[in-house]
Amino acid sequence: VSLEPSCLHVPLGERGYDILVAPDLLDRAGELLGGILRRPRLVLVTDENIARTAQLDRLSSSLARAGVAAETIVVPAGESSKSWPCLEELCEKVLASGIDRGATLVAFGGGVVGDLAGFAAAVLLRGIDLVQIPTTLLAQVDSSVGGKTGINSPHGKNLIGAFHQPRLVIVDPTLLRSLPRRELLAGYAELVKHALISDEELFAWLEAHLDGILAVDPPTLAEAIRRSVAVKVAIVGRDERETSGERALLNFGHTFAHAYEKLTRYGDALRHGEAVALGMARAYALSVRLGDCSGQDAVRACRHLSAAGLPTRPSDLDLRFPPASVIAAMQRDKKAENGRLVFVLSGGLGRAHRRADIPIEDVTAVLSDDA
Ligand SMILES: NC(=O)c1ccc[n+]([C@@H]2O[C@H](COP(=O)([O-])OP(=O)(O)OC[C@H]3O[C@@H](n4cnc5c(N)ncnc54)[C@H](O)[C@@H]3O)[C@@H](O)[C@H]2O)c1
Ligand SMILES: [Zn+2]
């Protein structure tokens, strides 16, 4: 067994950074951070749920062993922390700790902590160093990589934010042992998404290793995460700011998902990852209907999502979405280009493309089948 964690490099020139993936890296965080900290002290941001687990103690001990002083700021758990009041409170607390331009902020949490602390790091002193230590599967495969940070507005999700790439991302799958099952599965939807849009071999590997993943086996998860993140890294490396359209492929399933989330008011009835699973199933149905994808590939993808315990039809979650409401919600989406609906469709397992020319009748038809 190699002691070296697998290392992925995000190729963004002087903003490039490494993503380290291996079981038990949390216990080596102090040593790993040593190489990049400009001062032997940092500000750690986490949420109250994580602060209650043994994981925060593991991180604090590792920092102490490496002689790194850490001030910990705990924010409330949940999406409501991605708000102006919480951002203000966090920034003022960090400033009160007496930071300078050489300071490093560590986001130790799920996507909420990563987005909030990441945005604080982007604006404090016009930008200080950020390290991501993601603690949910969603954050490990998706939100901690790529540099998008931000908070929500009453006008919509993630409307206030900045690109701020981290200096380092440390991914330890043993952190997922304390994660509630539903959160694990929601993150798995994004992990599978990366395979479905660009790595057919990874998809086959996931089919063969689903048991180990669902059993939260750290080496299996480390391999799945590493290969899934590699897909996002490659895309972000080619299209950092979503200008060439390639980064938009990461939105596979998301045109539907955002509408479903809007209709459930971002409440507990539907996690983002669950909405993405539903959305990918619909995107496959649409791709098959338009002749872009074979029926067999669509069936295989949906069968895997179901086997993992993810929903592929709203009825799996006791939800119902009238097609007309879904379409109206899509048309109100800020990402709709001049009111035109843009979908990412599948061209078969491991392949995806964007289309902005899809007749509403076809969308209605696949939504109507969605009992
Ligand atoms: N920046 C990006 O590119 C990007 C991409 C995708 C999603 N996001 C954002 O990510 C957010 C969702 O992230 P999330 O799904 O990680 O949610 P989250 O951060 O709310 O975490 C989910 C729940 O798990 C708890 N938790 C986290 N880690 C834990 C652990 N190891 N053990 C026990 N409990 C733990 C949290 O307290 C929370 O209750 C959304 O706000 C979304 O907009 C951002
Ligand atoms: Zn997503």
# chains A, B, ... in the order shown; residues from 1 in each chain; ligands from 1

call {"tool": "residues_near_ligand", "arguments": {"ligand": "ligand 2", "cutoff": "7 Å", "atoms": "only C-alpha atoms and all ligand atoms", "output": "PDB file with N, CA and C atoms, in the first residue's frame"}}
result
ATOM      1  N   GLU A 190     -23.868  13.197  -8.096  1.00  0.00           N
ATOM      2  CA  GLU A 190     -22.916  14.050  -8.831  1.00  0.00           C
ATOM      3  C   GLU A 190     -21.675  13.241  -9.243  1.00  0.00           C
ATOM      4  N   ASN A 251     -23.537  20.497 -16.081  1.00  0.00           N
ATOM      5  CA  ASN A 251     -24.944  20.722 -15.719  1.00  0.00           C
ATOM      6  C   ASN A 251     -25.865  19.634 -16.252  1.00  0.00           C
ATOM      7  N   HIS A 254     -29.263  19.080 -14.801  1.00  0.00           N
ATOM      8  CA  HIS A 254     -29.534  20.220 -13.928  1.00  0.00           C
ATOM      9  C   HIS A 254     -30.643  21.148 -14.416  1.00  0.00           C
ATOM     10  N   HIS A 272     -30.453  18.441  -3.362  1.00  0.00           N
ATOM     11  CA  HIS A 272     -29.978  18.783  -4.707  1.00  0.00           C
ATOM     12  C   HIS A 272     -29.568  17.529  -5.489  1.00  0.00           C
ATOM     13  N   GLY A 273     -28.828  16.640  -4.857  1.00  0.00           N
ATOM     14  CA  GLY A 273     -28.368  15.433  -5.553  1.00  0.00           C
ATOM     15  C   GLY A 273     -29.521  14.546  -5.993  1.00  0.00           C
ATOM     16  N   VAL A 276     -30.870  16.027  -9.023  1.00  0.00           N
ATOM     17  CA  VAL A 276     -29.974  15.749 -10.148  1.00  0.00           C
ATOM     18  C   VAL A 276     -30.209  14.333 -10.686  1.00  0.00           C
TER      19      VAL A 276
END

call {"tool": "select_by_dssp", "arguments": {"residues": "range 25-251 of chain A", "states": "alpha helix (DSSP H)", "output": "compact mmCIF listing (two decimals) with C-alpha atoms, in the first residue's frame"}}
result
# COMPACT_ATOMS: atom_id res chain seq x y z
CA ALA A 29 -3.55 17.63 7.29
CA GLY A 30 -1.04 19.58 9.42
CA GLU A 31 1.92 18.12 7.59
CA LEU A 32 0.25 18.49 4.15
CA LEU A 33 -0.68 22.12 4.82
CA GLY A 34 2.84 22.89 6.05
CA GLU A 48 -22.13 23.02 13.96
CA ASN A 49 -22.90 19.42 12.85
CA ILE A 50 -19.32 18.73 11.88
CA ALA A 51 -18.08 20.43 15.03
CA ARG A 52 -20.09 17.84 16.99
CA GLN A 55 -13.70 14.78 12.76
CA LEU A 56 -12.95 18.29 14.00
CA ASP A 57 -10.80 16.88 16.82
CA ARG A 58 -8.91 14.75 14.29
CA LEU A 59 -8.14 17.85 12.23
CA SER A 60 -7.24 20.00 15.25
CA SER A 61 -4.86 17.34 16.62
CA SER A 62 -3.16 16.99 13.28
CA LEU A 63 -2.65 20.77 13.06
CA ALA A 64 -1.35 20.91 16.63
CA ARG A 65 1.17 18.09 15.93
CA TRP A 84 -25.45 38.13 3.52
CA PRO A 85 -25.88 38.16 7.34
CA CYS A 86 -23.81 34.99 7.77
CA LEU A 87 -21.17 36.24 5.33
CA GLU A 88 -20.93 39.51 7.24
CA GLU A 89 -20.64 37.77 10.59
CA LEU A 90 -18.00 35.37 9.27
CA CYS A 91 -15.91 38.12 7.66
CA GLU A 92 -16.01 40.27 10.80
CA LYS A 93 -14.97 37.30 12.96
CA VAL A 94 -12.06 36.50 10.66
CA LEU A 95 -10.96 40.16 10.68
CA ALA A 96 -11.25 40.25 14.48
CA GLY A 111 -20.76 22.59 0.00
CA VAL A 112 -22.39 25.18 2.25
CA VAL A 113 -19.24 25.83 4.27
CA GLY A 114 -17.10 25.62 1.11
CA ASP A 115 -19.19 28.18 -0.77
CA LEU A 116 -19.55 30.58 2.19
CA ALA A 117 -15.96 30.39 3.46
CA GLY A 118 -14.67 30.35 -0.10
CA PHE A 119 -16.50 33.59 -0.87
CA ALA A 120 -15.24 35.14 2.38
CA ALA A 121 -11.69 34.19 1.36
CA ALA A 122 -12.30 35.78 -2.06
CA VAL A 123 -13.32 39.15 -0.62
CA LEU A 137 -19.38 13.36 -0.85
CA LEU A 138 -20.98 16.18 -2.84
CA ARG A 181 -26.99 8.15 4.35
CA ARG A 182 -29.22 10.52 2.42
CA GLU A 183 -26.36 13.04 2.07
CA LEU A 184 -24.02 10.30 0.89
CA LEU A 185 -26.44 9.27 -1.85
CA ALA A 186 -27.10 12.87 -2.90
CA GLY A 187 -23.35 13.31 -3.42
CA TYR A 188 -23.18 10.00 -5.28
CA ALA A 189 -25.54 11.42 -7.92
CA GLU A 190 -22.92 14.05 -8.83
CA LEU A 191 -20.14 11.43 -8.72
CA VAL A 192 -22.02 9.25 -11.22
CA LYS A 193 -22.84 12.32 -13.33
CA HIS A 194 -19.14 12.82 -14.08
CA ALA A 195 -18.89 9.21 -15.31
CA LEU A 196 -22.05 9.55 -17.39
CA ILE A 197 -20.91 12.71 -19.18
CA SER A 198 -17.35 11.72 -19.93
CA GLU A 200 -17.81 5.24 -19.70
CA GLU A 201 -15.09 3.05 -18.12
CA LEU A 202 -15.60 4.73 -14.77
CA PHE A 203 -19.32 4.07 -15.10
CA ALA A 204 -18.68 0.34 -15.62
CA TRP A 205 -16.27 0.39 -12.65
CA LEU A 206 -18.96 2.00 -10.49
CA GLU A 207 -21.47 -0.67 -11.56
CA ALA A 208 -18.99 -3.32 -10.40
CA HIS A 209 -18.07 -1.59 -7.12
CA LEU A 210 -21.40 -0.21 -5.95
CA ASP A 211 -21.47 -2.47 -2.86
CA GLY A 212 -18.17 -1.10 -1.57
CA ILE A 213 -19.33 2.45 -2.17
CA LEU A 214 -22.62 1.97 -0.34
CA PRO A 218 -12.66 4.09 2.20
CA PRO A 219 -10.31 2.60 -0.45
CA THR A 220 -13.24 1.98 -2.84
CA LEU A 221 -14.57 5.49 -2.26
CA ALA A 222 -11.10 6.98 -2.72
CA GLU A 223 -10.83 5.36 -6.15
CA ALA A 224 -14.35 6.39 -7.17
CA ILE A 225 -13.81 9.97 -5.98
CA ARG A 226 -10.39 10.28 -7.61
CA ARG A 227 -11.70 9.15 -10.99
CA SER A 228 -14.85 11.26 -10.76
CA VAL A 229 -12.95 14.40 -9.74
CA ALA A 230 -10.53 13.80 -12.62
CA VAL A 231 -13.45 14.40 -14.99
CA LYS A 232 -14.32 17.74 -13.39
CA VAL A 233 -10.64 18.74 -13.23
CA ALA A 234 -10.19 18.11 -16.95
CA ILE A 235 -13.27 20.17 -17.80
CA VAL A 236 -12.42 23.06 -15.44
CA GLY A 237 -8.84 23.05 -16.78
CA ARG A 238 -10.19 23.64 -20.29

call {"tool": "residues_near_ligand", "arguments": {"ligand": "ligand 1", "cutoff": "6 Å", "atoms": "only C-alpha atoms and all ligand atoms", "output": "JSON, numbers by chain"}}
result
{"A": [47, 49, 50, 77, 78, 79, 109, 110, 111, 112, 113, 115, 135, 136, 138, 139, 142, 143, 148, 149, 175, 176, 178, 179]}

call {"tool": "write_last_selection", "arguments": {"atoms": "N, CA and C atoms", "output": "CSV table (one decimal), in the first residue's frame"}}
result
chain,number,residue,atom,x,y,z
A,47,ASP,N,-19.1,23.8,10.2
A,47,ASP,CA,-20.5,24.0,10.7
A,47,ASP,C,-20.8,23.2,12.0
A,49,ASN,N,-22.8,20.9,12.9
A,49,ASN,CA,-22.9,19.4,12.9
A,49,ASN,C,-21.5,18.8,12.8
A,50,ILE,N,-20.7,19.3,12.0
A,50,ILE,CA,-19.3,18.7,11.9
A,50,ILE,C,-18.5,18.9,13.2
A,77,ALA,N,-25.4,25.1,10.6
A,77,ALA,CA,-25.5,24.1,9.5
A,77,ALA,C,-26.7,24.5,8.6
A,78,GLY,N,-26.5,24.1,7.3
A,78,GLY,CA,-27.7,24.3,6.4
A,78,GLY,C,-27.5,25.4,5.4
A,79,GLU,N,-28.3,25.3,4.4
A,79,GLU,CA,-28.3,26.2,3.2
A,79,GLU,C,-28.5,27.7,3.7
A,109,GLY,N,-15.9,21.4,5.6
A,109,GLY,CA,-17.4,21.2,5.7
A,109,GLY,C,-17.9,20.7,4.3
A,110,GLY,N,-19.2,20.7,4.2
A,110,GLY,CA,-19.8,20.4,2.9
A,110,GLY,C,-19.9,21.6,2.0
A,111,GLY,N,-20.7,21.5,1.0
A,111,GLY,CA,-20.8,22.6,0.0
A,111,GLY,C,-21.2,23.9,0.6
A,112,VAL,N,-22.0,23.9,1.6
A,112,VAL,CA,-22.4,25.2,2.3
A,112,VAL,C,-21.2,25.9,2.8
A,113,VAL,N,-20.4,25.2,3.7
A,113,VAL,CA,-19.2,25.8,4.3
A,113,VAL,C,-18.2,26.2,3.2
A,115,ASP,N,-18.8,27.0,0.0
A,115,ASP,CA,-19.2,28.2,-0.8
A,115,ASP,C,-19.1,29.5,0.0
A,135,THR,N,-16.1,17.7,3.5
A,135,THR,CA,-16.6,16.6,4.4
A,135,THR,C,-17.8,15.9,3.9
A,136,THR,N,-18.4,16.3,2.8
A,136,THR,CA,-19.6,15.5,2.2
A,136,THR,C,-19.1,15.0,0.9
A,138,LEU,N,-20.7,15.2,-1.8
A,138,LEU,CA,-21.0,16.2,-2.8
A,138,LEU,C,-19.8,17.2,-2.9
A,139,ALA,N,-19.3,17.6,-1.8
A,139,ALA,CA,-18.3,18.6,-1.8
A,139,ALA,C,-17.0,17.9,-2.2
A,142,ASP,N,-17.4,17.5,-6.1
A,142,ASP,CA,-18.0,18.6,-6.9
A,142,ASP,C,-17.6,20.0,-6.4
A,143,SER,N,-18.2,20.4,-5.3
A,143,SER,CA,-18.2,21.8,-5.0
A,143,SER,C,-16.8,22.3,-4.5
A,148,LYS,N,-15.8,27.9,-7.8
A,148,LYS,CA,-17.0,28.7,-7.7
A,148,LYS,C,-17.3,28.8,-6.2
A,149,THR,N,-17.5,30.1,-5.8
A,149,THR,CA,-17.9,30.3,-4.4
A,149,THR,C,-19.1,31.3,-4.4
A,175,LEU,N,-14.0,10.7,6.2
A,175,LEU,CA,-14.9,11.7,6.7
A,175,LEU,C,-16.3,11.3,6.5
A,176,LEU,N,-16.6,10.5,5.5
A,176,LEU,CA,-17.9,10.2,5.1
A,176,LEU,C,-18.6,9.2,6.0
A,178,SER,N,-19.4,9.5,9.1
A,178,SER,CA,-20.3,10.1,9.9
A,178,SER,C,-21.5,10.8,9.2
A,179,LEU,N,-21.3,10.8,7.8
A,179,LEU,CA,-22.3,11.5,7.0
A,179,LEU,C,-23.6,10.8,6.9

call {"tool": "select_by_dssp", "arguments": {"residues": "range 119-207 of chain A", "states": "strand (DSSP E)", "output": "list in words"}}
result
Asp129, Leu130, Val131, Gln132, Ile133, Pro134, Lys148, Thr149, Gly150, Ile151, Asn152, Ser153, Gly156, Lys157, Asn158, Leu159, Ile160, Gly161, Ala162, Phe163, Leu168, Val169, Ile170 and Val171 of chain A

call {"tool": "residues_around", "arguments": {"residues": "Asp100 in chain A", "least_positions_apart": "3", "cutoff": "9 Å", "atoms": "only C-alpha atoms", "output": "list in words"}}
result
Leu95, Ala103, Leu125 and Ile128 of chain A

call {"tool": "atom_distance", "arguments": {"atom1": "CA of Pro322 in chain A", "atom2": "CA of Arg355 in chain A"}}
result
23.3 Å

call {"tool": "residues_around", "arguments": {"residues": "range 342-354 of chain A", "least_positions_apart": "2", "cutoff": "8 Å", "atoms": "only C-alpha atoms", "output": "number ranges by chain"}}
result
A: 195-201, 203, 248-249, 251-253, 255, 283-284, 286-287, 292-294, 297-298, 301, 336-337, 340, 356-358

call {"tool": "closest_residue", "arguments": {"among": "A:Arg265, A:His258, A:Arg15, A:Arg320", "to": "Pro166 in chain A", "atoms": "only C-alpha atoms"}}
result
A:Arg15

call {"tool": "atom_distance", "arguments": {"atom1": "CA of Thr264 in chain A", "atom2": "CA of Pro180 in chain A"}}
result
21.1 Å

call {"tool": "closest_residue", "arguments": {"among": "A:Leu8, A:Ala308, A:Val326, A:Ala281", "to": "Gly295 in chain A", "atoms": "only C-alpha atoms"}}
result
A:Ala281

call {"tool": "residues_around", "arguments": {"residues": "Arg271 in chain A", "least_positions_apart": "3", "cutoff": "8 Å", "atoms": "only C-alpha atoms", "output": "ChimeraX atom specification"}}
result
/A:183,186,261,266-268,274-275

call {"tool": "closest_residue", "arguments": {"among": "A:Pro311, A:Gly16, A:Pro23, A:Gly102", "to": "Gly147 in chain A", "atoms": "only C-alpha atoms"}}
result
A:Gly16

call {"tool": "residues_around", "arguments": {"residues": "Val131 in chain A", "least_positions_apart": "6", "cutoff": "7 Å", "atoms": "only C-alpha atoms", "output": "NGL selection string"}}
result
:A and (105-107 or 166-169)

call {"tool": "write_last_selection", "arguments": {"atoms": "all heavy atoms", "output": "CSV table (one decimal), in the first residue's frame"}}
result
chain,number,residue,atom,x,y,z
A,105,LEU,N,-7.5,30.6,5.0
A,105,LEU,CA,-8.8,30.2,5.5
A,105,LEU,C,-9.0,28.7,5.1
A,105,LEU,O,-8.8,28.4,3.9
A,105,LEU,CB,-9.8,31.1,4.9
A,105,LEU,CG,-11.1,31.4,5.7
A,105,LEU,CD1,-11.5,32.8,5.5
A,105,LEU,CD2,-12.1,30.4,5.3
A,106,VAL,N,-9.4,27.9,6.0
A,106,VAL,CA,-9.6,26.5,5.7
A,106,VAL,C,-11.1,26.2,5.8
A,106,VAL,O,-11.7,26.5,6.8
A,106,VAL,CB,-8.9,25.5,6.6
A,106,VAL,CG1,-9.3,24.1,6.3
A,106,VAL,CG2,-7.4,25.7,6.4
A,107,ALA,N,-11.7,25.8,4.7
A,107,ALA,CA,-13.2,25.4,4.7
A,107,ALA,C,-13.3,24.0,5.0
A,107,ALA,O,-12.9,23.1,4.2
A,107,ALA,CB,-13.8,25.8,3.3
A,166,PRO,N,-9.0,27.4,-4.8
A,166,PRO,CA,-8.2,27.0,-3.5
A,166,PRO,C,-6.7,26.8,-3.8
A,166,PRO,O,-6.3,26.7,-5.0
A,166,PRO,CB,-8.9,25.7,-3.1
A,166,PRO,CG,-9.4,25.1,-4.3
A,166,PRO,CD,-9.8,26.3,-5.2
A,167,ARG,N,-5.9,26.8,-2.8
A,167,ARG,CA,-4.5,26.5,-3.0
A,167,ARG,C,-4.3,25.0,-2.9
A,167,ARG,O,-3.3,24.5,-3.4
A,167,ARG,CB,-3.7,27.2,-1.8
A,167,ARG,CG,-3.7,28.7,-1.8
A,167,ARG,CD,-2.6,29.3,-2.8
A,167,ARG,NE,-1.4,28.6,-2.9
A,167,ARG,CZ,-0.4,28.8,-2.0
A,167,ARG,NH1,-0.5,29.6,-1.0
A,167,ARG,NH2,0.8,28.1,-2.2
A,168,LEU,N,-5.2,24.3,-2.2
A,168,LEU,CA,-5.1,22.9,-2.0
A,168,LEU,C,-6.4,22.3,-1.6
A,168,LEU,O,-7.2,23.0,-1.0
A,168,LEU,CB,-4.1,22.6,-0.9
A,168,LEU,CG,-3.8,21.2,-0.5
A,168,LEU,CD1,-3.0,20.4,-1.6
A,168,LEU,CD2,-3.0,21.1,0.8
A,169,VAL,N,-6.7,21.1,-2.1
A,169,VAL,CA,-7.9,20.4,-1.7
A,169,VAL,C,-7.5,19.1,-1.1
A,169,VAL,O,-6.7,18.3,-1.7
A,169,VAL,CB,-8.9,20.2,-2.9
A,169,VAL,CG1,-10.2,19.5,-2.4
A,169,VAL,CG2,-9.2,21.5,-3.6

call {"tool": "decode", "arguments": {"residues": "range 138-149 of chain A", "atoms": "all heavy atoms", "output": "short mmCIF file (atom, residue, chain, number, x, y, z; two decimals), in the first residue's frame"}}
result
data_model
loop_
_atom_site.label_atom_id
_atom_site.label_comp_id
_atom_site.auth_asym_id
_atom_site.auth_seq_id
_atom_site.Cartn_x
_atom_site.Cartn_y
_atom_site.Cartn_z
N LEU A 138 -20.70 15.16 -1.83
CA LEU A 138 -20.98 16.18 -2.84
C LEU A 138 -19.82 17.18 -2.92
O LEU A 138 -19.35 17.54 -3.99
CB LEU A 138 -22.28 16.93 -2.55
CG LEU A 138 -22.61 17.99 -3.61
CD1 LEU A 138 -23.99 17.83 -4.16
CD2 LEU A 138 -22.39 19.39 -3.09
N ALA A 139 -19.35 17.61 -1.76
CA ALA A 139 -18.25 18.59 -1.76
C ALA A 139 -16.96 17.95 -2.25
O ALA A 139 -16.16 18.59 -2.92
CB ALA A 139 -18.09 19.17 -0.35
N GLN A 140 -16.75 16.66 -1.94
CA GLN A 140 -15.51 16.00 -2.34
C GLN A 140 -15.41 15.80 -3.85
O GLN A 140 -14.32 15.86 -4.41
CB GLN A 140 -15.36 14.66 -1.61
CG GLN A 140 -15.16 14.85 -0.10
CD GLN A 140 -14.86 13.58 0.65
OE1 GLN A 140 -15.05 12.47 0.15
NE2 GLN A 140 -14.37 13.72 1.88
N VAL A 141 -16.53 15.55 -4.51
CA VAL A 141 -16.46 15.31 -5.96
C VAL A 141 -16.84 16.53 -6.79
O VAL A 141 -16.66 16.54 -7.99
CB VAL A 141 -17.34 14.13 -6.43
CG1 VAL A 141 -16.90 12.83 -5.79
CG2 VAL A 141 -18.81 14.39 -6.20
N ASP A 142 -17.43 17.54 -6.13
CA ASP A 142 -18.01 18.61 -6.94
C ASP A 142 -17.65 20.01 -6.43
O ASP A 142 -16.82 20.70 -7.01
CB ASP A 142 -19.54 18.41 -6.99
CG ASP A 142 -20.24 19.30 -8.01
OD1 ASP A 142 -19.57 20.15 -8.61
OD2 ASP A 142 -21.45 19.14 -8.21
N SER A 143 -18.24 20.42 -5.29
CA SER A 143 -18.18 21.84 -4.95
C SER A 143 -16.80 22.34 -4.50
O SER A 143 -16.53 23.53 -4.59
CB SER A 143 -19.24 22.19 -3.91
OG SER A 143 -19.06 21.47 -2.73
N SER A 144 -15.92 21.45 -4.01
CA SER A 144 -14.62 21.94 -3.52
C SER A 144 -13.64 22.17 -4.67
O SER A 144 -12.57 22.72 -4.48
CB SER A 144 -14.02 20.94 -2.53
OG SER A 144 -13.66 19.74 -3.19
N VAL A 145 -14.03 21.73 -5.87
CA VAL A 145 -13.14 21.80 -7.03
C VAL A 145 -13.73 22.73 -8.07
O VAL A 145 -14.92 22.64 -8.38
CB VAL A 145 -12.97 20.39 -7.64
CG1 VAL A 145 -12.17 20.45 -8.92
CG2 VAL A 145 -12.32 19.46 -6.64
N GLY A 146 -12.94 23.65 -8.58
CA GLY A 146 -13.42 24.47 -9.68
C GLY A 146 -13.51 25.94 -9.37
O GLY A 146 -13.66 26.76 -10.27
N GLY A 147 -13.45 26.29 -8.07
CA GLY A 147 -13.31 27.70 -7.72
C GLY A 147 -14.58 28.51 -7.65
O GLY A 147 -14.53 29.72 -7.42
N LYS A 148 -15.76 27.91 -7.84
CA LYS A 148 -16.98 28.70 -7.69
C LYS A 148 -17.30 28.84 -6.20
O LYS A 148 -17.33 27.85 -5.48
CB LYS A 148 -18.16 28.02 -8.41
CG LYS A 148 -18.11 28.14 -9.93
CD LYS A 148 -19.42 27.64 -10.53
CE LYS A 148 -19.37 27.74 -12.06
NZ LYS A 148 -20.60 27.19 -12.67
N THR A 149 -17.53 30.07 -5.76
CA THR A 149 -17.90 30.32 -4.36
C THR A 149 -19.07 31.28 -4.36
O THR A 149 -19.30 31.98 -5.34
CB THR A 149 -16.75 30.99 -3.58
OG1 THR A 149 -16.62 32.35 -4.01
CG2 THR A 149 -15.42 30.26 -3.79
#
